[in-house]
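**Q** Before I ask anything, let me first share the structure, which is written out below as structure tokens.
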Amino acid sequence: DEKWIVGEFNCSCVGISKCLAAYCQDHTPNACYTDIAKEDLYECERYAKILGQQAISMVGGPSFAPINVGSITRVAKDDLGLLSQPSKPKFFGALAQIYVRSQTFGGSDKSSNGHRYDSIPFANGMIKSGMSCQLIHYVHQEHSAFFGVC
């Protein structure tokens, strides 16, 4: 009777390619959410909403409180494009990310604010499905604190 909960959709092998305009490269060091073309953003959000609906159907029952992230470092500069959290979410969740401080831009998949280029659409899909979705980063120096949060 094990119960598994999908804790992350956001890995290198699963991504929304139409969001690629938002990731930093040497010639686009300030790339961000608003660089995604309107028609591509519509498709990104449509796809992310499907993922959000699947996630809410998988979690089973309600959770009772937002995730307290006060014990871990906020890495991202901002949450540009993130929708407001639902006032009465069906479930409280978080989208965990990795930021590699030794790599330019925090890794080859980051926007200029430190989030993965498709994290905002993924989180918005969760939000549109009635879940809250906090964006957090794993920092290896805070390993125990991070897993205390998760």
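Please note that chains go A, B, ... in the order of the structure tokens, that every chain numbers its residues from 1, and that ligands are numbered from 1 in the order shown.
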Write out as a list in words all residues of segment 54-145 of chain A that backbone DSSP assigns to strand (DSSP E).
**A**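 Answer for segment 54-145 of chain A, restricted to strand (DSSP E): Phe91, Phe92, Gly93, Ala94, Leu95, Ala96, Gln97, Ile98, Met131, Ser132, Cys133, Gln134, Leu135, Ile136, His137 and Tyr138 of chain A.
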**Q** Go ahead and write the selection's residues with C-alpha atoms as a PDB file, in the first residue's frame.
**A**
ATOM      1  CA  PHE A  91      -3.110  21.164  -2.266  1.00  0.00           C
ATOM      2  CA  PHE A  92       0.063  22.952  -1.183  1.00  0.00           C
ATOM      3  CA  GLY A  93       3.129  22.114  -3.234  1.00  0.00           C
ATOM      4  CA  ALA A  94       6.515  23.282  -4.382  1.00  0.00           C
ATOM      5  CA  LEU A  95       8.597  22.991  -7.526  1.00  0.00           C
ATOM      6  CA  ALA A  96      12.195  22.151  -6.606  1.00  0.00           C
ATOM      7  CA  GLN A  97      15.049  23.367  -8.782  1.00  0.00           C
ATOM      8  CA  ILE A  98      18.835  23.220  -8.814  1.00  0.00           C
ATOM      9  CA  MET A 131      -2.795  23.945  -6.235  1.00  0.00           C
ATOM     10  CA  SER A 132      -0.377  26.377  -4.676  1.00  0.00           C
ATOM     11  CA  CYS A 133       3.128  26.055  -6.084  1.00  0.00           C
ATOM     12  CA  GLN A 134       6.124  27.637  -4.386  1.00  0.00           C
ATOM     13  CA  LEU A 135       9.362  27.801  -6.364  1.00  0.00           C
ATOM     14  CA  ILE A 136      12.343  26.604  -4.323  1.00  0.00           C
ATOM     15  CA  HIS A 137      15.983  25.739  -5.005  1.00  0.00           C
ATOM     16  CA  TYR A 138      18.137  22.970  -3.607  1.00  0.00           C
TER      17      TYR A 138
END
**Q** For segment 24-36 of chain A, find every residue with an atom within 6 Å (counting only C-alpha atoms), except residues of its own chain fewer than 5 positions away, and show them as a PyMOL selection string.
**A** chain A and resi 19+41+110-112
**Q** Give one line per residue of segment 119-147 of chain A that approaches segment 42-61 of chain A to at most 6 Å, naming the two atoms of the closest pair and their distance in Å to one decimal, counting only C-alpha atoms; sort by chain then ascending residue number and deliver it as JSON lines.
**A**
{"residue": "A:Pro121", "atom": "CA", "partner": "A:Glu45", "partner_atom": "CA", "distance": 5.6}
{"residue": "A:Phe122", "atom": "CA", "partner": "A:Ala48", "partner_atom": "CA", "distance": 5.0}
{"residue": "A:Gly125", "atom": "CA", "partner": "A:Lys49", "partner_atom": "CA", "distance": 3.9}
{"residue": "A:Met126", "atom": "CA", "partner": "A:Gly52", "partner_atom": "CA", "distance": 4.1}
{"residue": "A:Ser129", "atom": "CA", "partner": "A:Gln53", "partner_atom": "CA", "distance": 5.4}
**Q** Would you please work out which residue, of A:Glu142, A:Ile127, A:Val149, A:Arg116, is nearest to Ser17 of chain A when using only C-alpha atoms?
**A**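 Closest to Ser17 of chain A of all the choices is A:Arg116.
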**Q** Would you please work out which residue, of A:Ser87, A:Ser108, A:Gln103, A:Thr73, is nearest to Gln141 of chain A when using only C-alpha atoms?
**A**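 Ranked by minimum distance to Gln141 of chain A, first place goes to A:Thr73.
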